[in-house]
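Colleague: One structure, pasted below without further comment.
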Amino acid sequence: MDESLGQAWDRFKGLLRKTPIHRFDQPTRLTLFLAGLKSQSKLMLDASTGGSIKWKTPEEAYKLIENMAANDNEAYTERAHSQKKGILEL
């Protein structure tokens, strides 16, 4: 599946909501999410931290991922609305 960071984050949060009995702590949830990302998304997160997202506290990492995912989802929505049917705009 070739999904954006925003799509991956939304899907991950949805899976957590569907399985509340697991009650993973925040560091475990973060590790699980990062392990499932495509390398391009991991590189983008690492670049945004100036090193590695794993050097951030779980709270800092979650905030960063939330912000980046929200921006990614907004950009995706804008691109989807700006394209005319049958015409690819670059």
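Labels for the structure tokens follow display order: chains A, B, ..., residues from 1 in each chain, ligands from 1.
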If we count only C-alpha atoms and set the cut-off at 12 Å, which residues sit around range 1-8 of chain A, ignoring sequence neighbours fewer than 4 positions away in its own chain? Please answer as a PDB file with N, CA and C atoms, in the first residue's frame.

Modeller:
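Output file selection_34.pdb is given in full below:
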ATOM      1  N   PHE A  12      -3.786   4.137  11.460  1.00  0.00           N
ATOM      2  CA  PHE A  12      -3.252   3.622  12.717  1.00  0.00           C
ATOM      3  C   PHE A  12      -4.148   4.011  13.893  1.00  0.00           C
ATOM      4  N   LYS A  13      -4.560   5.274  13.950  1.00  0.00           N
ATOM      5  CA  LYS A  13      -5.447   5.703  15.040  1.00  0.00           C
ATOM      6  C   LYS A  13      -6.777   4.962  14.995  1.00  0.00           C
ATOM      7  N   GLY A  14      -7.268   4.687  13.783  1.00  0.00           N
ATOM      8  CA  GLY A  14      -8.504   3.923  13.644  1.00  0.00           C
ATOM      9  C   GLY A  14      -8.353   2.509  14.181  1.00  0.00           C
ATOM     10  N   LEU A  15      -7.208   1.894  13.907  1.00  0.00           N
ATOM     11  CA  LEU A  15      -6.954   0.542  14.424  1.00  0.00           C
ATOM     12  C   LEU A  15      -6.888   0.552  15.951  1.00  0.00           C
ATOM     13  N   LEU A  32       5.296   0.955  17.299  1.00  0.00           N
ATOM     14  CA  LEU A  32       4.505   0.185  16.338  1.00  0.00           C
ATOM     15  C   LEU A  32       4.215   0.994  15.081  1.00  0.00           C
ATOM     16  N   PHE A  33       3.852   2.262  15.260  1.00  0.00           N
ATOM     17  CA  PHE A  33       3.547   3.105  14.107  1.00  0.00           C
ATOM     18  C   PHE A  33       4.784   3.306  13.235  1.00  0.00           C
ATOM     19  N   LEU A  34       5.892   3.665  13.849  1.00  0.00           N
ATOM     20  CA  LEU A  34       7.113   3.920  13.089  1.00  0.00           C
ATOM     21  C   LEU A  34       7.594   2.666  12.360  1.00  0.00           C
ATOM     22  N   ALA A  35       7.428   1.514  12.980  1.00  0.00           N
ATOM     23  CA  ALA A  35       7.863   0.259  12.357  1.00  0.00           C
ATOM     24  C   ALA A  35       7.070  -0.063  11.098  1.00  0.00           C
ATOM     25  N   GLY A  36       5.837   0.425  11.027  1.00  0.00           N
ATOM     26  CA  GLY A  36       4.995   0.135   9.874  1.00  0.00           C
ATOM     27  C   GLY A  36       5.070   1.145   8.747  1.00  0.00           C
ATOM     28  N   LEU A  37       5.828   2.212   8.936  1.00  0.00           N
ATOM     29  CA  LEU A  37       5.907   3.248   7.906  1.00  0.00           C
ATOM     30  C   LEU A  37       6.812   2.846   6.752  1.00  0.00           C
ATOM     31  N   LYS A  38       6.503   3.381   5.592  1.00  0.00           N
ATOM     32  CA  LYS A  38       7.389   3.253   4.440  1.00  0.00           C
ATOM     33  C   LYS A  38       8.638   4.084   4.709  1.00  0.00           C
ATOM     34  N   SER A  39       9.734   3.729   4.073  1.00  0.00           N
ATOM     35  CA  SER A  39      11.004   4.411   4.336  1.00  0.00           C
ATOM     36  C   SER A  39      10.942   5.893   4.003  1.00  0.00           C
ATOM     37  N   GLN A  40      10.193   6.281   2.980  1.00  0.00           N
ATOM     38  CA  GLN A  40      10.088   7.698   2.622  1.00  0.00           C
ATOM     39  C   GLN A  40       9.451   8.507   3.755  1.00  0.00           C
ATOM     40  N   SER A  41       8.419   7.970   4.371  1.00  0.00           N
ATOM     41  CA  SER A  41       7.774   8.669   5.488  1.00  0.00           C
ATOM     42  C   SER A  41       8.694   8.739   6.697  1.00  0.00           C
ATOM     43  N   LYS A  42       9.436   7.656   6.948  1.00  0.00           N
ATOM     44  CA  LYS A  42      10.393   7.665   8.060  1.00  0.00           C
ATOM     45  C   LYS A  42      11.466   8.723   7.834  1.00  0.00           C
ATOM     46  N   LEU A  43      11.976   8.784   6.615  1.00  0.00           N
ATOM     47  CA  LEU A  43      13.002   9.779   6.290  1.00  0.00           C
ATOM     48  C   LEU A  43      12.469  11.200   6.462  1.00  0.00           C
ATOM     49  N   MET A  44      11.220  11.424   6.064  1.00  0.00           N
ATOM     50  CA  MET A  44      10.614  12.745   6.204  1.00  0.00           C
ATOM     51  C   MET A  44      10.483  13.134   7.680  1.00  0.00           C
ATOM     52  N   LEU A  45      10.061  12.195   8.509  1.00  0.00           N
ATOM     53  CA  LEU A  45       9.949  12.468   9.943  1.00  0.00           C
ATOM     54  C   LEU A  45      11.321  12.747  10.556  1.00  0.00           C
ATOM     55  N   LEU A  64       4.526  16.034  16.735  1.00  0.00           N
ATOM     56  CA  LEU A  64       5.101  16.229  15.411  1.00  0.00           C
ATOM     57  C   LEU A  64       4.333  15.426  14.362  1.00  0.00           C
ATOM     58  N   ILE A  65       4.064  14.166  14.651  1.00  0.00           N
ATOM     59  CA  ILE A  65       3.337  13.320  13.702  1.00  0.00           C
ATOM     60  C   ILE A  65       1.933  13.861  13.469  1.00  0.00           C
ATOM     61  N   GLU A  66       1.252  14.264  14.525  1.00  0.00           N
ATOM     62  CA  GLU A  66      -0.096  14.845  14.386  1.00  0.00           C
ATOM     63  C   GLU A  66      -0.069  16.053  13.458  1.00  0.00           C
ATOM     64  N   ASN A  67       0.883  16.962  13.687  1.00  0.00           N
ATOM     65  CA  ASN A  67       0.976  18.178  12.871  1.00  0.00           C
ATOM     66  C   ASN A  67       1.313  17.859  11.419  1.00  0.00           C
ATOM     67  N   MET A  68       2.284  16.983  11.217  1.00  0.00           N
ATOM     68  CA  MET A  68       2.670  16.638   9.851  1.00  0.00           C
ATOM     69  C   MET A  68       1.565  15.889   9.130  1.00  0.00           C
ATOM     70  N   ALA A  69       0.872  15.006   9.827  1.00  0.00           N
ATOM     71  CA  ALA A  69      -0.232  14.262   9.220  1.00  0.00           C
ATOM     72  C   ALA A  69      -1.380  15.201   8.851  1.00  0.00           C
ATOM     73  N   ALA A  70      -1.672  16.160   9.714  1.00  0.00           N
ATOM     74  CA  ALA A  70      -2.735  17.126   9.417  1.00  0.00           C
ATOM     75  C   ALA A  70      -2.376  17.960   8.192  1.00  0.00           C
ATOM     76  N   ASN A  71      -1.137  18.407   8.122  1.00  0.00           N
ATOM     77  CA  ASN A  71      -0.691  19.180   6.954  1.00  0.00           C
ATOM     78  C   ASN A  71      -0.729  18.332   5.691  1.00  0.00           C
ATOM     79  N   ASP A  72      -0.333  17.087   5.804  1.00  0.00           N
ATOM     80  CA  ASP A  72      -0.347  16.170   4.674  1.00  0.00           C
ATOM     81  C   ASP A  72      -1.770  15.948   4.179  1.00  0.00           C
ATOM     82  N   ASN A  73      -2.704  15.756   5.108  1.00  0.00           N
ATOM     83  CA  ASN A  73      -4.104  15.541   4.736  1.00  0.00           C
ATOM     84  C   ASN A  73      -4.699  16.779   4.089  1.00  0.00           C
ATOM     85  N   GLU A  74      -4.347  17.968   4.574  1.00  0.00           N
ATOM     86  CA  GLU A  74      -4.830  19.216   3.973  1.00  0.00           C
ATOM     87  C   GLU A  74      -4.308  19.361   2.547  1.00  0.00           C
ATOM     88  N   ALA A  75      -3.024  19.069   2.345  1.00  0.00           N
ATOM     89  CA  ALA A  75      -2.434  19.172   1.013  1.00  0.00           C
ATOM     90  C   ALA A  75      -3.089  18.179   0.055  1.00  0.00           C
ATOM     91  N   TYR A  76      -3.356  16.969   0.539  1.00  0.00           N
ATOM     92  CA  TYR A  76      -4.009  15.952  -0.289  1.00  0.00           C
ATOM     93  C   TYR A  76      -5.407  16.416  -0.694  1.00  0.00           C
ATOM     94  N   THR A  77      -6.146  16.984   0.244  1.00  0.00           N
ATOM     95  CA  THR A  77      -7.494  17.462  -0.038  1.00  0.00           C
ATOM     96  C   THR A  77      -7.461  18.600  -1.051  1.00  0.00           C
TER      97      THR A  77
END

Colleague: Quick one: everything within 12 Å of Leu16 in chain A, counting only C-alpha atoms, minus sequence neighbours fewer than 5 positions away in the same chain. Send it as a PDB file with C-alpha atoms, in the first residue's frame.

Modeller:
ATOM      1  CA  TRP A   9      -1.578   8.004  10.836  1.00  0.00           C
ATOM      2  CA  ASP A  10      -5.349   8.076  10.368  1.00  0.00           C
ATOM      3  CA  ARG A  11      -5.439   4.336   9.669  1.00  0.00           C
ATOM      4  CA  ILE A  21      -8.438  -3.823  24.968  1.00  0.00           C
ATOM      5  CA  HIS A  22      -4.745  -3.756  24.034  1.00  0.00           C
ATOM      6  CA  ARG A  23      -4.121  -0.493  25.904  1.00  0.00           C
ATOM      7  CA  PHE A  24      -0.591  -0.047  24.582  1.00  0.00           C
ATOM      8  CA  ASP A  25       1.336   2.732  26.289  1.00  0.00           C
ATOM      9  CA  GLN A  26       2.388   5.743  24.224  1.00  0.00           C
ATOM     10  CA  THR A  28       4.804   1.242  22.384  1.00  0.00           C
ATOM     11  CA  ARG A  29       2.196   2.815  20.086  1.00  0.00           C
ATOM     12  CA  LEU A  30       4.873   5.100  18.658  1.00  0.00           C
ATOM     13  CA  LEU A  32       4.505   0.185  16.338  1.00  0.00           C
ATOM     14  CA  PHE A  33       3.547   3.105  14.107  1.00  0.00           C
TER      15      PHE A  33
END

Colleague: What is the distance between CA of Lys56 in chain A and CA of Pro20 in chain A, in Å to one decimal?

Modeller: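 These atoms are spaced 25.3 Å apart.
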
Colleague: Need the shell around Thr57 in chain A: protein/DNA/RNA residues with any atom at most 12 Å away, counting only C-alpha atoms. Skip same-chain ones fewer than 4 positions apart. Format as a PDB file with C-alpha atoms, in the first residue's frame?

Modeller:
ATOM      1  CA  GLN A  26       2.388   5.743  24.224  1.00  0.00           C
ATOM      2  CA  PRO A  27       6.015   4.648  23.583  1.00  0.00           C
ATOM      3  CA  LEU A  30       4.873   5.100  18.658  1.00  0.00           C
ATOM      4  CA  THR A  31       7.252   2.186  18.048  1.00  0.00           C
ATOM      5  CA  THR A  49      13.558  16.522  13.648  1.00  0.00           C
ATOM      6  CA  SER A  52      15.895  10.902  14.287  1.00  0.00           C
ATOM      7  CA  ILE A  53      12.355  10.999  15.557  1.00  0.00           C
ATOM      8  CA  ALA A  61       6.994  12.688  18.528  1.00  0.00           C
ATOM      9  CA  TYR A  62       3.215  12.364  18.744  1.00  0.00           C
ATOM     10  CA  LYS A  63       2.773  16.130  18.403  1.00  0.00           C
ATOM     11  CA  LEU A  64       5.101  16.229  15.411  1.00  0.00           C
TER      12      LEU A  64
END
